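**Q** What follows is my_file_1.tsv; its format and atoms are TSV, C-alpha atoms.
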chain	number	residue	atom	x	y	z
N	1	PHE	CA	-44.37	14.25	7.16
N	2	GLY	CA	-43.36	13.68	10.77
N	3	ALA	CA	-40.17	13.13	12.74
N	4	GLU	CA	-39.43	9.67	11.26
N	5	PHE	CA	-39.44	11.02	7.71
N	6	TYR	CA	-37.21	13.91	8.75
N	7	GLU	CA	-34.70	11.58	10.45
N	8	ALA	CA	-34.62	9.24	7.44
N	9	THR	CA	-34.01	12.20	5.12
N	10	VAL	CA	-31.15	13.49	7.26
N	11	GLU	CA	-29.55	10.03	7.37
N	12	TYR	CA	-29.83	9.71	3.58
N	13	TRP	CA	-28.15	13.05	2.89
N	14	MET	CA	-25.46	12.40	5.49
N	15	ALA	CA	-24.62	9.15	3.71
N	16	LYS	CA	-24.56	10.97	0.37
N	17	ALA	CA	-22.30	13.66	1.79
N	18	THR	CA	-19.87	10.99	3.04
N	19	GLU	CA	-19.88	9.32	-0.37
N	20	LEU	CA	-19.23	12.61	-2.16
N	21	LEU	CA	-16.40	13.47	0.21
N	22	GLY	CA	-14.45	10.50	-1.13
N	23	GLN	CA	-14.81	11.94	-4.63
N	24	ARG	CA	-13.35	15.32	-3.73
N	25	GLY	CA	-10.00	16.29	-5.19
N	26	TRP	CA	-8.37	17.47	-2.00
N	27	THR	CA	-9.51	14.35	-0.12
N	28	CYS	CA	-8.03	12.17	-2.85
N	29	PHE	CA	-4.82	14.19	-2.76
N	30	GLU	CA	-4.39	13.89	1.00
N	31	SER	CA	-5.11	10.15	1.21
N	32	CYS	CA	-2.78	9.32	-1.69
N	33	LEU	CA	-0.07	11.52	-0.26
N	34	ALA	CA	-0.31	9.78	3.12
N	35	ALA	CA	-0.27	6.34	1.48
N	36	ASN	CA	2.99	7.26	-0.26
N	37	LYS	CA	4.87	7.69	2.99
N	38	ALA	CA	7.64	5.21	3.75
N	39	PHE	CA	5.64	3.87	6.71
N	40	PRO	CA	2.01	4.42	5.66
N	41	ASP	CA	0.43	2.35	8.42
N	42	ASP	CA	-1.71	4.45	10.78
N	43	LYS	CA	-1.61	7.42	8.39
N	44	VAL	CA	-5.06	7.18	6.75
N	45	PHE	CA	-8.34	6.61	8.60
N	46	SER	CA	-11.86	6.34	7.25
N	47	PHE	CA	-14.97	7.30	9.23
N	48	GLY	CA	-18.21	6.30	7.52
N	49	ASP	CA	-21.74	7.62	7.90
N	50	THR	CA	-22.42	5.18	10.78
N	51	PHE	CA	-19.73	6.74	12.98
N	52	ASP	CA	-21.10	7.66	16.40
N	53	PRO	CA	-18.61	8.95	19.01
N	54	THR	CA	-20.92	7.97	21.87
N	55	ASN	CA	-20.68	4.28	20.97
N	56	GLU	CA	-16.96	4.06	20.36
N	57	ALA	CA	-14.36	2.30	22.44
N	58	THR	CA	-12.58	4.48	24.96
N	59	ARG	CA	-9.19	2.83	24.39
N	60	GLN	CA	-7.21	4.73	21.80
N	61	ALA	CA	-5.49	1.69	20.23
N	62	GLY	CA	-8.76	-0.14	19.60
N	63	PHE	CA	-10.36	2.97	18.13
N	64	TRP	CA	-7.53	3.55	15.65
N	65	ARG	CA	-7.44	-0.11	14.60
N	66	LYS	CA	-11.17	-0.05	13.88
N	67	TYR	CA	-11.00	2.90	11.49
N	68	ARG	CA	-7.53	2.48	10.04
N	69	GLN	CA	-7.67	2.25	6.26
N	70	THR	CA	-5.82	-0.64	4.64
N	71	ALA	CA	-2.53	0.52	3.18
N	72	SER	CA	-2.49	0.87	-0.60
N	73	PRO	CA	0.51	0.50	-2.91
N	74	PRO	CA	2.35	3.75	-3.64
N	75	CYS	CA	0.55	6.10	-6.01
N	76	SER	CA	2.48	7.67	-8.89
N	77	PRO	CA	1.53	11.03	-10.44
N	78	GLU	CA	0.11	9.16	-13.42
N	79	ARG	CA	-2.06	6.99	-11.17
N	80	PHE	CA	-3.15	10.07	-9.20
N	81	ALA	CA	-4.27	11.74	-12.44
N	82	GLU	CA	-6.32	8.61	-13.26
N	83	LEU	CA	-7.97	8.73	-9.83
N	84	LEU	CA	-8.92	12.39	-10.29
N	85	TRP	CA	-10.40	11.56	-13.69
N	86	GLY	CA	-12.42	8.78	-12.07
N	87	CYS	CA	-13.74	11.20	-9.47
N	88	GLU	CA	-14.77	13.60	-12.22
N	89	GLN	CA	-16.73	10.85	-13.97
N	90	GLU	CA	-18.48	9.81	-10.76
N	91	VAL	CA	-19.79	13.27	-9.89
N	92	LYS	CA	-21.12	14.10	-13.35
N	93	ASN	CA	-24.62	12.91	-12.48
N	94	VAL	CA	-24.69	14.54	-9.04
N	95	TRP	CA	-26.87	17.57	-8.47
N	96	ALA	CA	-25.30	21.05	-8.55
N	97	PRO	CA	-23.37	22.50	-6.84
N	98	TYR	CA	-21.99	19.17	-5.59
N	99	ASN	CA	-21.02	17.92	-9.03
N	100	LYS	CA	-17.50	19.30	-8.77
N	101	VAL	CA	-14.31	17.54	-7.74
N	102	PHE	CA	-12.80	20.92	-6.86
N	103	ALA	CA	-14.82	23.90	-5.65
N	104	GLU	CA	-12.29	26.09	-7.43
N	105	PRO	CA	-11.32	24.70	-10.89
N	106	ALA	CA	-7.83	26.20	-10.56
N	107	ASP	CA	-7.17	23.93	-7.58
N	108	LYS	CA	-6.78	20.91	-9.85
N	109	ASN	CA	-3.57	22.21	-11.42
N	110	ILE	CA	-2.26	23.17	-7.99
N	111	VAL	CA	-2.97	19.70	-6.56
N	112	VAL	CA	-1.46	17.86	-9.54
N	113	ALA	CA	1.71	19.97	-9.35
N	114	LYS	CA	1.98	19.55	-5.57
N	115	PHE	CA	1.51	15.80	-5.84
N	116	ARG	CA	4.27	15.48	-8.42
N	117	GLU	CA	6.55	17.60	-6.24
N	118	ALA	CA	5.85	15.39	-3.22
N	119	TRP	CA	6.34	12.23	-5.27
N	120	ASP	CA	9.78	13.37	-6.36
N	121	GLU	CA	10.72	13.48	-2.68
N	122	GLN	CA	8.87	10.37	-1.53
N	123	ARG	CA	10.38	8.11	-4.16
N	124	ARG	CA	13.83	8.80	-2.73
N	125	VAL	CA	13.12	7.01	0.57
N	126	ARG	CA	15.52	4.27	1.67
N	127	GLU	CA	12.91	1.95	3.14
N	128	LEU	CA	9.35	0.85	2.36
N	129	ASP	CA	7.43	-1.03	5.04
N	130	PHE	CA	4.24	-2.89	4.11
N	131	LYS	CA	4.24	-5.59	6.78
N	132	SER	CA	0.93	-7.36	7.48
N	133	VAL	CA	-1.28	-5.07	5.39
N	134	GLY	CA	-3.29	-7.86	3.78
N	135	TRP	CA	-1.74	-7.59	0.34
N	136	GLY	CA	-1.99	-10.28	-2.30
N	137	ASP	CA	-0.59	-10.65	-5.80
N	138	THR	CA	-2.60	-7.70	-7.16
N	139	GLU	CA	-1.08	-5.19	-4.75
N	140	ALA	CA	2.38	-6.72	-5.14
N	141	MET	CA	2.19	-6.25	-8.90
N	142	GLN	CA	1.06	-2.64	-8.47
N	143	LEU	CA	4.04	-2.05	-6.19
N	144	ALA	CA	6.40	-3.79	-8.60
N	145	ALA	CA	5.40	-1.45	-11.41
N	146	LEU	CA	6.69	1.50	-9.36
N	147	LEU	CA	9.75	-0.01	-7.67
N	148	PRO	CA	12.17	1.21	-10.38
N	149	SER	CA	11.13	4.76	-9.43
N	150	PHE	CA	12.57	4.30	-5.93
N	151	CYS	CA	16.17	5.01	-6.83
N	152	ASN	CA	17.55	4.93	-3.26
N	153	LEU	CA	15.56	2.00	-1.89
N	154	GLU	CA	17.61	-0.23	0.42
N	155	ALA	CA	14.96	-2.16	2.35
N	156	LEU	CA	11.58	-3.52	1.27
N	157	ARG	CA	9.51	-5.25	3.94
N	158	LEU	CA	6.52	-7.31	2.81
N	159	THR	CA	6.32	-9.93	5.53
N	160	GLY	CA	2.98	-11.22	6.81
N	161	ASN	CA	0.91	-10.79	3.66
N	162	ARG	CA	-0.74	-13.15	1.15
N	163	ILE	CA	1.64	-12.64	-1.75
N	164	GLY	CA	2.00	-15.69	-3.97
N	165	ASP	CA	4.20	-16.70	-6.88
N	166	VAL	CA	2.80	-14.14	-9.33
N	167	GLY	CA	3.32	-11.23	-6.96
N	168	ALA	CA	6.76	-12.44	-5.89
N	169	GLU	CA	7.86	-12.80	-9.51
N	170	ALA	CA	6.70	-9.26	-10.26
N	171	VAL	CA	8.55	-7.76	-7.29
N	172	ILE	CA	11.71	-9.75	-7.91
N	173	GLY	CA	11.67	-8.90	-11.60
N	174	ALA	CA	11.46	-5.20	-10.79
N	175	LEU	CA	14.59	-5.31	-8.64
N	176	PHE	CA	17.19	-6.09	-11.30
N	177	THR	CA	20.14	-3.71	-10.81
N	178	SER	CA	18.33	-2.26	-7.77
N	179	PRO	CA	20.32	-0.88	-4.79
N	180	LEU	CA	18.11	-2.96	-2.48
N	181	ARG	CA	20.02	-4.57	0.41
N	182	ILE	CA	17.15	-6.12	2.41
N	183	LEU	CA	14.13	-7.92	0.96
N	184	ASP	CA	11.64	-9.37	3.43
N	185	PHE	CA	9.21	-11.87	1.89
N	186	GLY	CA	8.65	-13.83	5.11
N	187	ASP	CA	5.29	-15.39	5.96
N	188	ASN	CA	3.62	-15.14	2.57
N	189	CYS	CA	2.24	-17.70	0.08
N	190	ILE	CA	5.26	-18.15	-2.19
N	191	GLY	CA	5.75	-21.58	-3.73
N	192	ALA	CA	8.47	-23.22	-5.81
N	193	ARG	CA	7.76	-21.01	-8.82
N	194	GLY	CA	8.35	-17.85	-6.80
N	195	ALA	CA	11.50	-19.34	-5.28
N	196	ASN	CA	12.79	-20.07	-8.78
N	197	ALA	CA	12.19	-16.43	-9.73
N	198	MET	CA	14.39	-15.44	-6.78
N	199	CYS	CA	17.12	-17.80	-8.03
N	200	VAL	CA	17.06	-16.19	-11.46
N	201	ALA	CA	17.20	-12.65	-10.06
N	202	LEU	CA	20.05	-13.16	-7.57
N	203	PRO	CA	22.99	-12.73	-9.99
N	204	SER	CA	21.69	-9.27	-10.93
N	205	ALA	CA	20.81	-8.25	-7.37
N	206	SER	CA	24.40	-7.42	-6.51
N	207	LYS	CA	23.53	-5.18	-3.54
N	208	LEU	CA	21.16	-7.66	-1.87
N	209	VAL	CA	22.57	-8.80	1.49
N	210	PHE	CA	19.54	-10.20	3.33
N	211	LEU	CA	16.63	-12.19	1.93
N	212	PHE	CA	13.93	-13.21	4.42
N	213	ALA	CA	11.75	-15.96	2.97
N	214	PHE	CA	10.72	-18.00	6.02
N	215	ALA	CA	7.19	-19.37	6.52
N	216	ASN	CA	6.42	-19.67	2.81
N	217	PRO	CA	5.14	-22.94	1.27
N	218	PHE	CA	8.34	-23.51	-0.71
N	219	THR	CA	10.45	-23.62	2.48
N	220	SER	CA	8.94	-27.03	3.28
N	221	GLU	CA	10.10	-28.41	-0.10
N	222	ASP	CA	13.65	-29.75	-0.02
N	223	THR	CA	14.26	-29.19	-3.73
N	224	ALA	CA	13.13	-25.55	-3.71
N	225	ARG	CA	15.17	-24.84	-0.56
N	226	TRP	CA	18.27	-26.42	-2.06
N	227	GLN	CA	17.91	-24.50	-5.34
N	228	LEU	CA	17.57	-21.14	-3.61
N	229	THR	CA	20.39	-21.86	-1.17
N	230	THR	CA	22.65	-22.91	-4.04
N	231	ALA	CA	21.76	-19.85	-6.11
N	232	TRP	CA	22.39	-17.60	-3.11
N	233	GLY	CA	25.88	-19.02	-2.61
N	234	ALA	CA	26.64	-18.96	-6.34
N	235	ALA	CA	25.84	-15.25	-6.36
N	236	GLY	CA	28.65	-14.74	-3.84
N	237	LYS	CA	26.42	-13.90	-0.88
N	238	GLU	CA	27.03	-14.74	2.77
N	239	LYS	CA	25.18	-17.83	4.00
N	240	GLN	CA	23.67	-16.10	7.03
N	241	GLY	CA	22.00	-13.54	4.79
N	242	LEU	CA	19.43	-16.06	3.50
N	243	ILE	CA	16.76	-16.71	6.13
N	244	LEU	CA	14.52	-19.66	5.31
N	245	ASP	CA	13.57	-20.56	8.88
N	246	HIS	CA	12.26	-18.39	11.69
N	247	PHE	CA	13.58	-19.07	15.18
N	248	ALA	CA	10.13	-18.57	16.73
N	249	LEU	CA	8.59	-21.12	14.37
N	250	ASN	CA	11.38	-23.60	14.99
N	251	ALA	CA	10.84	-23.33	18.74
N	252	LYS	CA	7.24	-24.56	18.52
Here is a file; write its structure as structure tokens.
**A**
Amino acid sequence: FGAEFYEATVEYWMAKATELLGQRGWTCFESCLAANKAFPDDKVFSFGDTFDPTNEATRQAGFWRKYRQTASPPCSPERFAELLWGCEQEVKNVWAPYNKVFAEPADKNIVVAKFREAWDEQRRVRELDFKSVGWGDTEAMQLAALLPSFCNLEALRLTGNRIGDVGAEAVIGALFTSPLRILDFGDNCIGARGANAMCVALPSASKLVFLFAFANPFTSEDTARWQLTTAWGAAGKEKQGLILDHFALNAK
């Protein structure tokens, strides 16, 4: 058939191999485990079928930024089991012997047990940092569903995302009776509705000492600012702990 046909065939099967790799149990395990770290940024990288080392940038920082995978919300054992099930469904129509999520069937039980063991450790972290990872309300709600599992969490940093009222409400609502001391919501898309949710939650957030909410739409509304400031003081918290303005923004 000639060299062109051979090259096209090789490219096709390389692309298929890359696609199947994402459906492998151990690959899923490792990426979810890395995403569950307290500081997941720069932990997971994805190299597609178009990757060519000869055409890549020589500067390390640029190379890592190009292939860094966007951080995902933490993955619980239940969610991990759902992902494995999804992988199993996707490979059902793949030709043998590549229609297996695990080469050894016994590996599935090992991976599930190991993931749960790791989760029991990871959920005891004192800080979660998801600054500037491109999250919106969907990711914030996924995170909120798991926040009660983080029994020792003292700092949650979500600055520089696109979280709006719905996501802010979900996160705030998950923090009732939480040991959280620092909540960073700065530079998001939170309006008056989200600010009101913060007001409602403050009396129950007895451990909260610092709330960063600068550079959100509601901070330009006098009524919303006044309501949150009043609620903060009424909850018995120090004035300097509520940050509604950023010094760098004020200097412009």
**Q** Which value, in Å to one decimal, gives the distance between CA of Leu147 in chain N and CA of Asn216 in chain N?
**A** 22.5 Å
**Q** Taking 2 positions as the minimum chain separation for residues in the same chain, which residues sit within 9 Å of range 122-139 of chain N when counting all atoms listed in the file? Answer as number ranges by chain.
**A** N: 36-41, 70-73, 117-120, 141-144, 147, 149-168, 170, 180, 184, 188-189
**Q** How far is it from CA of Val171 in chain N to CA of Phe218 in chain N, in Å with one decimal?
**A**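 Result for CA of Val171 in chain N versus CA of Phe218 in chain N: 17.1 Å, one decimal.
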**Q** Expressed in Å to a single decimal, how great is the separation between CA of Ala205 in chain N and CA of Ile172 in chain N?
**A**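 CA of Ala205 in chain N sits 9.2 Å away from CA of Ile172 in chain N.
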**Q** For Trp232 in chain N, find every residue with an atom within 9 Å (counting only C-alpha atoms), except residues of its own chain fewer than 6 positions away, and show them as a PyMOL selection string.
**A** chain N and resi 199+202-203+238-239+241-242
**Q** Just write the chosen residues, C-alpha atoms, as a short mmCIF file (atom, residue, chain, number, x, y, z; two decimals), in the frame of the given file.
**A**
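Writing done, so here's part-v2.cif:
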data_model
loop_
_atom_site.label_atom_id
_atom_site.label_comp_id
_atom_site.auth_asym_id
_atom_site.auth_seq_id
_atom_site.Cartn_x
_atom_site.Cartn_y
_atom_site.Cartn_z
CA CYS N 199 17.12 -17.80 -8.03
CA LEU N 202 20.05 -13.16 -7.57
CA PRO N 203 22.99 -12.73 -9.99
CA GLU N 238 27.03 -14.74 2.77
CA LYS N 239 25.18 -17.83 4.00
CA GLY N 241 22.00 -13.54 4.79
CA LEU N 242 19.43 -16.06 3.50
#
**Q** Go through N:Val101, N:Ala213, N:Ala235, N:Leu33 one by one, measure the shortest atom-to-atom distance of each to Lys114 in chain N using only C-alpha atoms, and give the residue with the smallest value.
**A** N:Leu33
**Q** Point out the residue among N:Gln227, N:Asn99, N:Thr54, N:Ser31 with the least atom-to-atom distance to Pro74 in chain N, counting only C-alpha atoms.
**A** N:Ser31
**Q** Considering all atoms listed in the file, can you say which of N:Leu84, N:Ala234, N:Ala197, N:Ile243 comes closest to Leu183 in chain N?
**A**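 With all atoms listed in the file as the atom set, the closest residue is N:Ile243.
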**Q** Skipping near chain neighbours, those fewer than 6 positions away, what residues fall within 9 Å of Arg24 in chain N using all atoms listed in the file, listed as a list of chain:residue names?
**A** N:Leu84, N:Cys87, N:Glu88, N:Lys100, N:Val101, N:Phe102, N:Ala103
**Q** Return the single residue from N:Ala224, N:Cys28, N:Val209, N:Ala174 that is closest to Cys75 in chain N, with distances computed using only C-alpha atoms.
**A**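 Looking at the shortest contact to Cys75 in chain N, the residue is N:Cys28.
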